[in-house]
$ cat my_file_35.txt   # compact mmCIF, C-alpha atoms (C1' of nucleotides)
# COMPACT_ATOMS: atom_id res chain seq x y z
CA MET S 1 -80.61 45.52 72.94
CA LEU S 2 -81.93 44.00 76.16
CA ASP S 3 -82.85 41.15 73.85
CA ALA S 4 -79.21 40.36 73.32
CA ALA S 5 -78.38 40.57 77.01
CA GLU S 6 -81.33 38.40 77.89
CA ALA S 7 -80.43 35.73 75.37
CA LEU S 8 -76.83 35.60 76.56
CA PHE S 9 -77.54 35.69 80.29
CA TYR S 10 -80.21 33.07 80.03
CA ALA S 11 -78.29 30.74 77.78
CA ARG S 12 -75.03 30.67 79.68
CA GLY S 13 -75.59 32.18 83.09
CA VAL S 14 -74.89 35.74 84.11
CA GLN S 15 -71.34 35.23 85.26
CA ASN S 16 -70.36 33.41 82.09
CA VAL S 17 -70.99 36.34 79.78
CA GLY S 18 -68.91 39.47 79.79
CA MET S 19 -69.93 43.00 78.97
CA ASP S 20 -67.80 42.87 75.85
CA GLU S 21 -69.91 40.04 74.59
CA VAL S 22 -73.10 41.92 75.31
CA ARG S 23 -71.75 44.80 73.34
CA THR S 24 -70.63 42.66 70.42
CA THR S 25 -73.88 40.78 69.98
CA SER S 26 -76.08 43.79 70.69
CA GLY S 27 -74.15 46.27 68.57
CA VAL S 28 -74.43 48.86 71.33
CA SER S 29 -71.19 50.53 72.30
CA LEU S 30 -69.77 50.07 75.77
CA LYS S 31 -70.09 53.77 76.41
CA ARG S 32 -73.80 53.73 75.68
CA LEU S 33 -74.25 50.53 77.67
CA TYR S 34 -72.72 52.11 80.73
CA GLN S 35 -74.73 55.27 80.47
CA LEU S 36 -77.91 53.23 80.31
CA PHE S 37 -76.84 50.82 83.06
CA PRO S 38 -74.10 52.16 85.31
CA SER S 39 -72.96 48.69 86.25
CA LYS S 40 -73.42 45.10 85.23
CA GLY S 41 -75.57 44.60 88.27
CA ASP S 42 -78.02 47.18 86.98
CA LEU S 43 -78.14 45.45 83.64
CA VAL S 44 -78.80 42.13 85.32
CA GLU S 45 -81.60 43.60 87.35
CA ALA S 46 -83.15 45.14 84.24
CA TYR S 47 -82.85 41.81 82.50
CA LEU S 48 -84.72 40.06 85.28
CA ARG S 49 -87.43 42.67 85.58
CA ARG S 50 -88.08 42.71 81.88
CA ARG S 51 -88.14 38.96 81.67
CA ASP S 52 -90.58 38.87 84.56
CA THR S 53 -93.11 41.02 82.75
CA THR S 54 -92.83 39.32 79.36
CA TRP S 55 -92.86 35.85 80.85
CA ARG S 56 -95.97 36.49 82.89
CA GLN S 57 -97.65 38.24 79.99
CA ASP S 58 -97.03 35.28 77.72
CA LEU S 59 -98.33 32.90 80.35
CA THR S 60 -101.52 34.79 81.13
CA ARG S 61 -102.24 35.41 77.46
CA PHE S 62 -102.22 31.68 76.97
CA ALA S 63 -103.78 30.49 80.20
CA ASP S 64 -106.56 33.06 80.36
CA ALA S 65 -107.87 32.03 76.96
CA PRO S 66 -110.22 29.21 77.98
CA GLU S 67 -113.54 30.06 79.56
CA ASP S 68 -113.72 27.20 82.01
CA PRO S 69 -111.71 27.98 85.17
CA ARG S 70 -110.54 24.39 85.42
CA GLU S 71 -109.29 24.56 81.87
CA ARG S 72 -107.36 27.66 82.72
CA VAL S 73 -105.47 25.89 85.45
CA LEU S 74 -104.61 23.04 83.14
CA ALA S 75 -103.64 25.44 80.38
CA VAL S 76 -100.82 26.68 82.61
CA PHE S 77 -99.21 23.28 82.32
CA ASP S 78 -99.85 23.12 78.58
CA TRP S 79 -98.06 26.40 78.28
CA LEU S 80 -95.18 25.04 80.33
CA GLU S 81 -94.91 22.03 78.09
CA GLN S 82 -94.64 24.14 74.99
CA TRP S 83 -92.03 26.28 76.71
CA PHE S 84 -89.98 23.25 77.77
CA ALA S 85 -89.94 22.01 74.19
CA GLN S 86 -88.24 25.11 72.86
CA PRO S 87 -84.68 24.33 71.86
CA ASP S 88 -83.13 27.10 73.91
CA PHE S 89 -85.02 26.19 77.09
CA ARG S 90 -82.66 26.12 80.03
CA GLY S 91 -84.88 26.28 83.07
CA CYS S 92 -86.22 29.25 84.93
CA ALA S 93 -84.08 32.34 84.50
CA PHE S 94 -84.94 33.40 88.02
CA ILE S 95 -84.08 30.15 89.72
CA ASN S 96 -80.81 30.11 87.80
CA ALA S 97 -80.02 33.68 88.74
CA PHE S 98 -80.91 32.98 92.34
CA GLY S 99 -78.55 30.04 92.57
CA GLU S 100 -75.81 32.03 90.94
CA LEU S 101 -76.18 35.42 92.59
CA GLY S 102 -78.87 35.21 95.25
CA ALA S 103 -76.37 34.91 98.07
CA THR S 104 -74.21 37.83 97.03
CA ALA S 105 -76.60 40.24 95.28
CA PRO S 106 -79.65 41.17 97.35
CA ALA S 107 -81.19 43.04 94.42
CA VAL S 108 -81.22 39.81 92.44
CA ALA S 109 -82.69 37.87 95.34
CA ASP S 110 -85.43 40.46 95.66
CA ALA S 111 -86.28 40.44 91.96
CA VAL S 112 -86.49 36.66 92.01
CA ALA S 113 -88.67 36.61 95.10
CA GLU S 114 -91.03 39.15 93.57
CA HIS S 115 -91.31 37.19 90.37
CA LYS S 116 -92.14 34.00 92.19
CA ALA S 117 -94.59 35.75 94.47
CA ALA S 118 -96.40 37.19 91.45
CA PHE S 119 -96.54 33.76 89.86
CA ARG S 120 -97.96 32.21 93.01
CA HIS S 121 -100.47 35.03 93.27
CA TYR S 122 -101.63 34.39 89.73
CA LEU S 123 -102.03 30.69 90.41
CA ALA S 124 -103.91 31.39 93.61
CA GLY S 125 -106.40 33.39 91.56
CA LEU S 126 -106.84 30.58 89.08
CA ALA S 127 -107.20 28.05 91.86
CA THR S 128 -109.94 29.90 93.70
CA ALA S 129 -111.75 30.62 90.42
CA ALA S 130 -111.71 26.88 89.82
CA GLY S 131 -113.38 26.28 93.13
CA GLY S 132 -110.27 25.49 95.13
CA THR S 133 -108.61 27.14 98.07
CA ALA S 134 -105.55 29.34 98.26
CA ALA S 135 -103.69 26.27 99.47
CA LEU S 136 -104.46 24.64 96.14
CA GLY S 137 -102.78 27.56 94.44
CA GLU S 138 -99.63 26.93 96.44
CA GLN S 139 -99.69 23.27 95.53
CA LEU S 140 -100.08 24.09 91.86
CA ALA S 141 -97.13 26.44 92.16
CA LEU S 142 -95.00 23.68 93.65
CA LEU S 143 -95.90 21.38 90.78
CA ALA S 144 -95.06 24.04 88.24
CA GLU S 145 -91.73 24.90 89.84
CA GLY S 146 -90.81 21.26 90.11
CA ALA S 147 -91.72 20.69 86.48
CA ILE S 148 -89.58 23.61 85.35
CA THR S 149 -86.43 22.49 87.10
CA THR S 150 -86.93 18.84 86.30
CA ALA S 151 -87.48 19.59 82.64
CA ALA S 152 -84.36 21.73 82.57
CA ILE S 153 -82.13 19.17 84.21
CA SER S 154 -83.49 16.08 82.47
CA GLY S 155 -83.84 17.80 79.13
CA THR S 156 -87.34 16.54 78.32
CA PRO S 157 -90.69 18.33 78.37
CA ALA S 158 -92.36 15.31 80.00
CA PRO S 159 -92.59 16.83 83.50
CA ALA S 160 -95.19 19.28 82.22
CA ARG S 161 -97.63 16.48 81.50
CA GLN S 162 -96.91 14.75 84.80
CA ALA S 163 -97.56 17.98 86.63
CA ARG S 164 -100.70 18.48 84.62
CA THR S 165 -102.18 15.15 85.60
CA ALA S 166 -101.24 15.77 89.22
CA ALA S 167 -102.98 19.14 89.03
CA GLN S 168 -106.03 17.47 87.59
CA ALA S 169 -106.12 15.11 90.55
CA LEU S 170 -105.80 17.95 93.03
CA LEU S 171 -108.50 20.14 91.47
CA PRO S 172 -111.95 19.81 93.01
CA HIS S 173 -114.16 17.59 90.91
CA ARG S 174 -116.52 19.22 88.46
CA ALA S 175 -119.48 20.58 90.39
CA MET O 1 -61.41 19.49 103.95
CA LEU O 2 -64.18 18.82 101.46
CA ASP O 3 -66.36 20.03 104.30
CA ALA O 4 -64.96 23.52 103.92
CA ALA O 5 -65.32 23.51 100.16
CA GLU O 6 -68.86 22.25 100.42
CA ALA O 7 -69.87 24.89 102.93
CA LEU O 8 -68.40 27.67 100.83
CA PHE O 9 -69.68 26.51 97.46
CA TYR O 10 -73.13 25.89 98.80
CA ALA O 11 -73.39 29.11 100.75
CA ARG O 12 -72.26 31.50 98.07
CA GLY O 13 -72.24 29.71 94.74
CA VAL O 14 -69.26 28.05 93.09
CA GLN O 15 -68.12 31.05 91.11
CA ASN O 16 -68.23 33.34 94.11
CA VAL O 17 -65.58 31.48 96.07
CA GLY O 18 -61.96 31.35 95.04
CA MET O 19 -59.44 28.65 95.63
CA ASP O 20 -57.61 30.91 98.04
CA GLU O 21 -60.65 31.01 100.22
CA VAL O 22 -61.01 27.25 100.14
CA ARG O 23 -57.46 27.00 101.26
CA THR O 24 -57.82 29.56 104.02
CA THR O 25 -60.93 28.07 105.58
CA SER O 26 -59.85 24.47 105.11
CA GLY O 27 -56.29 24.94 106.25
CA VAL O 28 -55.05 22.80 103.36
CA SER O 29 -52.26 24.32 101.35
CA LEU O 30 -52.79 25.20 97.71
CA LYS O 31 -50.12 22.72 96.72
CA ARG O 32 -51.91 19.88 98.40
CA LEU O 33 -55.25 21.06 97.07
CA TYR O 34 -53.99 20.94 93.52
CA GLN O 35 -52.40 17.56 93.91
CA LEU O 36 -55.69 16.18 95.17
CA PHE O 37 -57.81 18.01 92.58
CA PRO O 38 -55.87 19.11 89.52
CA SER O 39 -58.35 21.88 88.78
CA LYS O 40 -61.21 23.71 90.36
CA GLY O 41 -63.56 21.82 88.08
CA ASP O 42 -62.42 18.55 89.64
CA LEU O 43 -63.00 19.94 93.10
CA VAL O 44 -66.47 21.06 92.12
CA GLU O 45 -67.30 17.66 90.75
CA ALA O 46 -66.05 15.99 93.91
CA TYR O 47 -68.11 18.41 95.96
CA LEU O 48 -71.26 17.50 94.05
CA ARG O 49 -70.65 13.77 94.14
CA ARG O 50 -69.97 13.76 97.83
CA ARG O 51 -72.98 15.88 98.57
CA ASP O 52 -75.10 13.54 96.49
CA THR O 53 -74.22 10.55 98.61
CA THR O 54 -74.51 12.23 101.98
CA TRP O 55 -77.75 13.99 101.07
CA ARG O 56 -79.40 10.81 99.89
CA GLN O 57 -78.10 8.87 102.84
CA ASP O 58 -79.56 11.38 105.27
CA LEU O 59 -82.86 11.33 103.44
CA THR O 60 -83.22 7.57 103.30
CA ARG O 61 -82.12 7.15 106.89
CA PHE O 62 -85.00 9.38 107.90
CA ALA O 63 -87.65 8.33 105.41
CA ASP O 64 -87.08 4.59 105.63
CA ALA O 65 -87.68 4.61 109.37
CA PRO O 66 -91.47 4.19 109.43
CA GLU O 67 -92.95 0.80 108.70
CA ASP O 68 -96.02 1.96 106.82
CA PRO O 69 -95.18 2.67 103.15
CA ARG O 70 -97.51 5.65 103.10
CA GLU O 71 -95.78 7.07 106.12
CA ARG O 72 -92.48 6.70 104.36
CA VAL O 73 -93.65 8.86 101.50
CA LEU O 74 -94.88 11.53 103.87
CA ALA O 75 -91.69 11.32 105.89
CA VAL O 76 -89.81 12.56 102.84
CA PHE O 77 -91.62 15.85 103.16
CA ASP O 78 -91.07 15.97 106.90
CA TRP O 79 -87.40 15.58 106.25
CA LEU O 80 -87.53 18.38 103.72
CA GLU O 81 -89.21 20.65 106.21
CA GLN O 82 -86.54 20.10 108.78
CA TRP O 83 -83.90 20.74 106.13
CA PHE O 84 -85.55 23.97 105.02
CA ALA O 85 -85.57 25.23 108.58
CA GLN O 86 -81.82 25.00 108.92
CA PRO O 87 -80.32 28.47 109.03
CA ASP O 88 -77.82 27.83 106.27
CA PHE O 89 -80.40 26.37 103.89
CA ARG O 90 -80.00 27.90 100.47
CA GLY O 91 -81.87 25.59 98.13
CA CYS O 92 -80.68 22.53 96.28
CA ALA O 93 -76.94 22.56 95.69
CA PHE O 94 -77.48 20.74 92.42
CA ILE O 95 -80.09 23.07 91.03
CA ASN O 96 -77.90 25.99 91.99
CA ALA O 97 -74.86 24.45 90.37
CA PHE O 98 -76.86 23.62 87.29
CA GLY O 99 -78.05 27.18 86.83
CA GLU O 100 -74.57 28.47 87.35
CA LEU O 101 -72.47 25.99 85.42
CA GLY O 102 -74.75 23.57 83.61
CA ALA O 103 -74.44 25.37 80.31
CA THR O 104 -70.66 25.56 80.31
CA ALA O 105 -69.52 22.50 82.28
CA PRO O 106 -70.93 19.21 81.00
CA ALA O 107 -69.44 17.32 83.95
CA VAL O 108 -71.53 19.42 86.30
CA ALA O 109 -74.66 18.96 84.22
CA ASP O 110 -74.09 15.19 84.29
CA ALA O 111 -73.56 15.05 88.03
CA VAL O 112 -76.73 17.05 88.59
CA ALA O 113 -78.76 14.88 86.24
CA GLU O 114 -77.53 11.74 87.99
CA HIS O 115 -78.40 13.10 91.40
CA LYS O 116 -81.90 14.00 90.32
CA ALA O 117 -82.40 10.69 88.56
CA ALA O 118 -81.37 8.85 91.73
CA PHE O 119 -83.78 10.91 93.79
CA ARG O 120 -86.63 10.21 91.37
CA HIS O 121 -85.75 6.53 91.41
CA TYR O 122 -85.92 6.47 95.19
CA LEU O 123 -89.30 8.18 95.19
CA ALA O 124 -90.59 5.80 92.54
CA GLY O 125 -89.73 2.93 94.87
CA LEU O 126 -91.56 4.54 97.77
CA ALA O 127 -94.54 5.32 95.55
CA THR O 128 -94.99 1.77 94.28
CA ALA O 129 -94.48 0.38 97.79
CA ALA O 130 -97.32 2.64 98.89
CA GLY O 131 -99.58 1.16 96.25
CA GLY O 132 -99.10 3.83 93.64
CA THR O 133 -97.68 3.80 90.13
CA ALA O 134 -94.37 5.00 88.82
CA ALA O 135 -96.19 8.08 87.62
CA LEU O 136 -97.01 8.89 91.22
CA GLY O 137 -93.31 8.79 91.96
CA GLU O 138 -92.70 11.40 89.32
CA GLN O 139 -95.43 13.59 90.74
CA LEU O 140 -93.98 13.34 94.21
CA ALA O 141 -90.63 14.31 92.79
CA LEU O 142 -92.13 17.40 91.20
CA LEU O 143 -93.68 18.42 94.49
CA ALA O 144 -90.41 17.92 96.31
CA GLU O 145 -88.40 19.89 93.73
CA GLY O 146 -90.91 22.67 93.77
CA ALA O 147 -90.89 22.78 97.54
CA ILE O 148 -87.10 22.99 97.63
CA THR O 149 -86.82 25.93 95.26
CA THR O 150 -89.81 27.74 96.68
CA ALA O 151 -88.52 27.37 100.21
CA ALA O 152 -85.12 28.67 99.12
CA ILE O 153 -86.46 31.71 97.34
CA SER O 154 -89.20 32.64 99.78
CA GLY O 155 -87.09 31.85 102.82
CA THR O 156 -89.71 29.88 104.71
CA PRO O 157 -90.06 26.14 105.33
CA ALA O 158 -93.79 26.29 104.66
CA PRO O 159 -93.64 24.73 101.17
CA ALA O 160 -92.68 21.41 102.74
CA ARG O 161 -96.04 21.15 104.48
CA GLN O 162 -97.94 22.25 101.39
CA ALA O 163 -96.17 19.61 99.37
CA ARG O 164 -96.89 17.09 102.07
CA THR O 165 -100.61 17.68 102.00
CA ALA O 166 -100.58 17.56 98.20
CA ALA O 167 -98.74 14.26 98.37
CA GLN O 168 -101.30 12.96 100.82
CA ALA O 169 -104.04 13.82 98.37
CA LEU O 170 -102.26 12.08 95.51
CA LEU O 171 -101.50 8.88 97.40
CA PRO O 172 -104.01 6.06 96.92
CA HIS O 173 -106.41 5.87 99.83
CA ARG O 174 -105.70 3.37 102.54
CA ALA O 175 -106.74 -0.07 101.29
C1' DA T 1 -24.54 18.22 113.95
C1' DC T 2 -25.56 17.93 109.02
C1' DG T 3 -27.63 17.38 104.74
C1' DC T 4 -31.94 16.03 102.61
C1' DT T 5 -36.50 15.80 101.56
C1' DA T 6 -41.46 17.24 102.17
C1' DG T 7 -44.66 20.53 102.94
C1' DG T 8 -46.57 24.93 103.69
C1' DA T 9 -47.10 30.04 103.11
C1' DG T 10 -47.46 33.21 100.14
C1' DA T 11 -45.68 35.65 95.98
C1' DA T 12 -45.84 35.52 91.06
C1' DC T 13 -47.90 34.77 86.59
C1' DG T 14 -51.33 34.85 82.99
C1' DA T 15 -55.88 35.31 81.66
C1' DT T 16 -60.27 37.25 82.06
C1' DG T 17 -63.59 40.71 82.82
C1' DG T 18 -65.73 45.10 84.61
C1' DT T 19 -65.04 49.85 83.94
C1' DT T 20 -62.96 54.00 82.05
C1' DC T 21 -60.27 56.63 78.73
C1' DT T 22 -58.54 58.14 74.18
C1' DC T 23 -59.07 59.40 69.82
C1' DA T 24 -60.99 59.90 65.62
C1' DA T 25 -65.16 60.39 62.81
C1' DG T 26 -69.61 62.25 62.05
C1' DT T 27 -73.07 65.96 62.51
C1' DA T 28 -75.52 70.27 63.49
C1' DG T 29 -75.30 75.15 63.56
C1' DG T 30 -73.31 79.40 62.18
C1' DC L 1 -66.02 75.88 55.57
C1' DC L 2 -65.33 75.80 60.44
C1' DT L 3 -66.24 74.69 65.24
C1' DA L 4 -68.31 72.28 69.11
C1' DC L 5 -70.59 68.41 70.64
C1' DT L 6 -71.76 63.58 70.50
C1' DT L 7 -70.76 58.91 69.63
C1' DG L 8 -68.51 54.64 68.64
C1' DA L 9 -64.47 51.49 68.40
C1' DG L 10 -61.28 49.80 70.83
C1' DA L 11 -57.28 50.28 73.87
C1' DA L 12 -56.10 50.79 78.61
C1' DC L 13 -56.54 50.08 83.47
C1' DC L 14 -57.29 47.60 87.56
C1' DA L 15 -58.94 43.94 90.29
C1' DT L 16 -59.80 39.12 90.73
C1' DC L 17 -58.84 34.42 90.25
C1' DG L 18 -57.00 29.93 88.71
C1' DT L 19 -52.65 27.97 88.65
C1' DT L 20 -47.68 27.56 89.36
C1' DC L 21 -43.34 28.75 91.49
C1' DT L 22 -40.09 30.07 95.12
C1' DC L 23 -38.35 30.01 99.29
C1' DC L 24 -38.22 28.74 103.90
C1' DT L 25 -39.01 25.80 107.71
C1' DA L 26 -39.19 21.38 110.03
C1' DG L 27 -38.43 16.94 110.70
C1' DC L 28 -35.52 12.75 109.99
C1' DG L 29 -31.89 9.43 109.14
C1' DT L 30 -27.00 8.91 109.87
$ encode --input "my_file_35.txt" --output "structure tokens"
Amino acid sequence: MLDAAEALFYARGVQNVGMDEVRTTSGVSLKRLYQLFPSKGDLVEAYLRRRDTTWRQDLTRFADAPEDPRERVLAVFDWLEQWFAQPDFRGCAFINAFGELGATAPAVADAVAEHKAAFRHYLAGLATAAGGTAALGEQLALLAEGAITTAAISGTPAPARQARTAAQALLPHRA
Amino acid sequence: MLDAAEALFYARGVQNVGMDEVRTTSGVSLKRLYQLFPSKGDLVEAYLRRRDTTWRQDLTRFADAPEDPRERVLAVFDWLEQWFAQPDFRGCAFINAFGELGATAPAVADAVAEHKAAFRHYLAGLATAAGGTAALGEQLALLAEGAITTAAISGTPAPARQARTAAQALLPHRA
DNA sequence: ACGCTAGGAGAACGATGGTTCTCAAGTAGG
DNA sequence: CCTACTTGAGAACCATCGTTCTCCTAGCGT
């Protein structure tokens, strides 16, 4: 049922989908919806928190696969590329939600900030494991964020590869 | 009068400000508003197009100042840092608008894509002038985009400096 | 001074959407 | 078989907002 909400919110933006539509496509009655989530804001927050965990799980499952720490860093960008190529890709759900609601809904702003902080933390771990500094982790995060928004707006997955080669250049050379 | 609309739309998101509020803070009557812009969509498009020109003008005025092509590239990130530090900074108006309206308003999606394409084109020029390739321009663009969204979400101007040092590392070494 | 036009302030209208209410159907327990 | 509780479908309610309309005021030409 959160699946339906997630698909709708992500595809069209939170404010462009009504509760009636969530109910119709999820098959859950309004009454039940409102006893699970007392307001739309609660539903939105649940949507973001769930997407945070699944998104990061998917990423780490993919990027933690290689043995070589350098390969792990690069795998992040491979994963991004495959994500960008999906037909329903429409950028980062958190960045979108932040632009839409960050100024008026502090709970949304917080959820977004936490998601991004967790992502940066993960990259910092990969960066230091690959022999870099924490600053390298931040730089990788900037490349990834930039690739996500650029891919969304331009509609091509190419930014993932550009970010990947930039990351390669920033990584310390093989010891 | 577009000043008022711009301030409101940027600060709170397009869908969180009504035409009544535009009228109140701008002092322009609704009648006049609607004879200038037949619909809110037209006003939004005008807002984006105007912000595109002023934003890029401000950027180039600052970044074209140094003589050294490498300095010009780095100046872009200095300009970003100063922008991020402004108290009303709330990320990239175009990314925000895209997340909010890109899926439902093709005119908005187009305006955003054009703005970003122009920005990438400008960076590509700086990159080649500094002895790099067009691919370097794309990488610089990714760093800048990432810095913008990260600064917005985290609330600190620090990403500008991180992007700057990454850019420095990616630039070809002084000949 | 008098009509006439333009423009503004704000009410009015219609649609949409978040939230709640009604009512009927289904089910478990006696 | 009957009753009490739950649940779902959808109507109803209320606020908001984009858009239009009404009325009133102010200036201006004669």
$ residues_around --input "my_file_35.txt" --residues "DC5 (chain L)" --least-positions-apart "6" --cutoff "12 Å" --atoms "all atoms listed in the file" --output "ChimeraX atom specification"
/T:26-29
$ axis_aligned_box --input "my_file_35.txt" --around "region 14-29 of chain L" --padding-each-side "5 Å" --output "lines of an AutoDock Vina configuration file"
center_x = -45.8
center_y = 28.5
center_z = 99.1
size_x = 37.9
size_y = 48.2
size_z = 33.1
$ atom_distance --input "my_file_35.txt" --atom1 "CA of Arg70 (chain S)" --atom2 "CA of Ala160 (chain S)"
16.5 Å
$ atom_distance --input "my_file_35.txt" --atom1 "CA of Gly132 (chain S)" --atom2 "CA of Glu114 (chain S)"
23.6 Å
$ interface_residues --input "my_file_35.txt" --of "chain S" --to "chain L" --cutoff "10 Å" --atoms "all atoms listed in the file" --output "PyMOL selection string"
chain S and resi 28-32
$ write_last_selection --input "my_file_35.txt" --atoms "C-alpha atoms" --output "PDB file, in the coordinates of the input"
ATOM      1  CA  VAL S  28     -74.430  48.860  71.330  1.00  0.00           C
ATOM      2  CA  SER S  29     -71.190  50.530  72.300  1.00  0.00           C
ATOM      3  CA  LEU S  30     -69.770  50.070  75.770  1.00  0.00           C
ATOM      4  CA  LYS S  31     -70.090  53.770  76.410  1.00  0.00           C
ATOM      5  CA  ARG S  32     -73.800  53.730  75.680  1.00  0.00           C
TER       6      ARG S  32
END
$ closest_atom_pairs --input "my_file_35.txt" --of "chain S" --to "chain O" --cutoff "6 Å" --atoms "only C-alpha atoms" --output "CSV"
residue,atom,partner,partner_atom,distance
S:Arg12,CA,O:Ala103,CA,5.4
S:Gly13,CA,O:Glu100,CA,5.7
S:Asn96,CA,O:Gly99,CA,4.1
S:Gly99,CA,O:Asn96,CA,4.1
S:Glu100,CA,O:Glu100,CA,5.2
S:Ala103,CA,O:Arg12,CA,5.3
S:Ala113,CA,O:Ile153,CA,5.8
S:Leu142,CA,O:Gly146,CA,4.2
S:Leu143,CA,O:Leu143,CA,5.2
S:Glu145,CA,O:Gly146,CA,4.6
S:Gly146,CA,O:Gly146,CA,3.9
S:Ala147,CA,O:Leu142,CA,5.8
S:Ile153,CA,O:Ala113,CA,5.8
$ residues_around --input "my_file_35.txt" --residues "Leu59 (chain S)" --least-positions-apart "6" --cutoff "10 Å" --atoms "all atoms listed in the file" --output "ChimeraX atom specification"
/S:53,75-77,79-80,83,119
$ atom_distance --input "my_file_35.txt" --atom1 "CA of Leu74 (chain O)" --atom2 "CA of Leu48 (chain O)"
26.3 Å
$ closest_atom_pairs --input "my_file_35.txt" --of "chain S" --to "chain T" --cutoff "9 Å" --atoms "all atoms listed in the file" --output "JSON lines"
{"residue": "S:Gly18", "atom": "CA", "partner": "T:DG17", "partner_atom": "C1'", "distance": 6.2}
{"residue": "S:Met19", "atom": "CA", "partner": "T:DG18", "partner_atom": "C1'", "distance": 7.3}
{"residue": "S:Asp20", "atom": "CA", "partner": "T:DG17", "partner_atom": "C1'", "distance": 8.4}
{"residue": "S:Tyr34", "atom": "CA", "partner": "T:DT19", "partner_atom": "C1'", "distance": 8.6}
{"residue": "S:Ser39", "atom": "CA", "partner": "T:DG18", "partner_atom": "C1'", "distance": 8.2}
{"residue": "S:Lys40", "atom": "CA", "partner": "T:DG18", "partner_atom": "C1'", "distance": 7.7}
$ write_last_selection --input "my_file_35.txt" --atoms "C-alpha atoms" --output "compact mmCIF listing (two decimals), keeping the file's coordinate frame"
# COMPACT_ATOMS: atom_id res chain seq x y z
CA GLY S 18 -68.91 39.47 79.79
CA MET S 19 -69.93 43.00 78.97
CA ASP S 20 -67.80 42.87 75.85
CA TYR S 34 -72.72 52.11 80.73
CA SER S 39 -72.96 48.69 86.25
CA LYS S 40 -73.42 45.10 85.23
$ closest_residue --input "my_file_35.txt" --among "S:Met1, S:Asp52, S:Val22, S:Gly27" --to "Ala118 (chain S)" --atoms "only C-alpha atoms"
S:Asp52
$ residues_around --input "my_file_35.txt" --residues "Ala124 (chain S)" --least-positions-apart "2" --cutoff "7 Å" --atoms "all atoms listed in the file" --output "list in words"
Arg120, His121, Tyr122, Leu126, Ala127, Thr128, Ala134, Gly137 and Glu138 of chain S
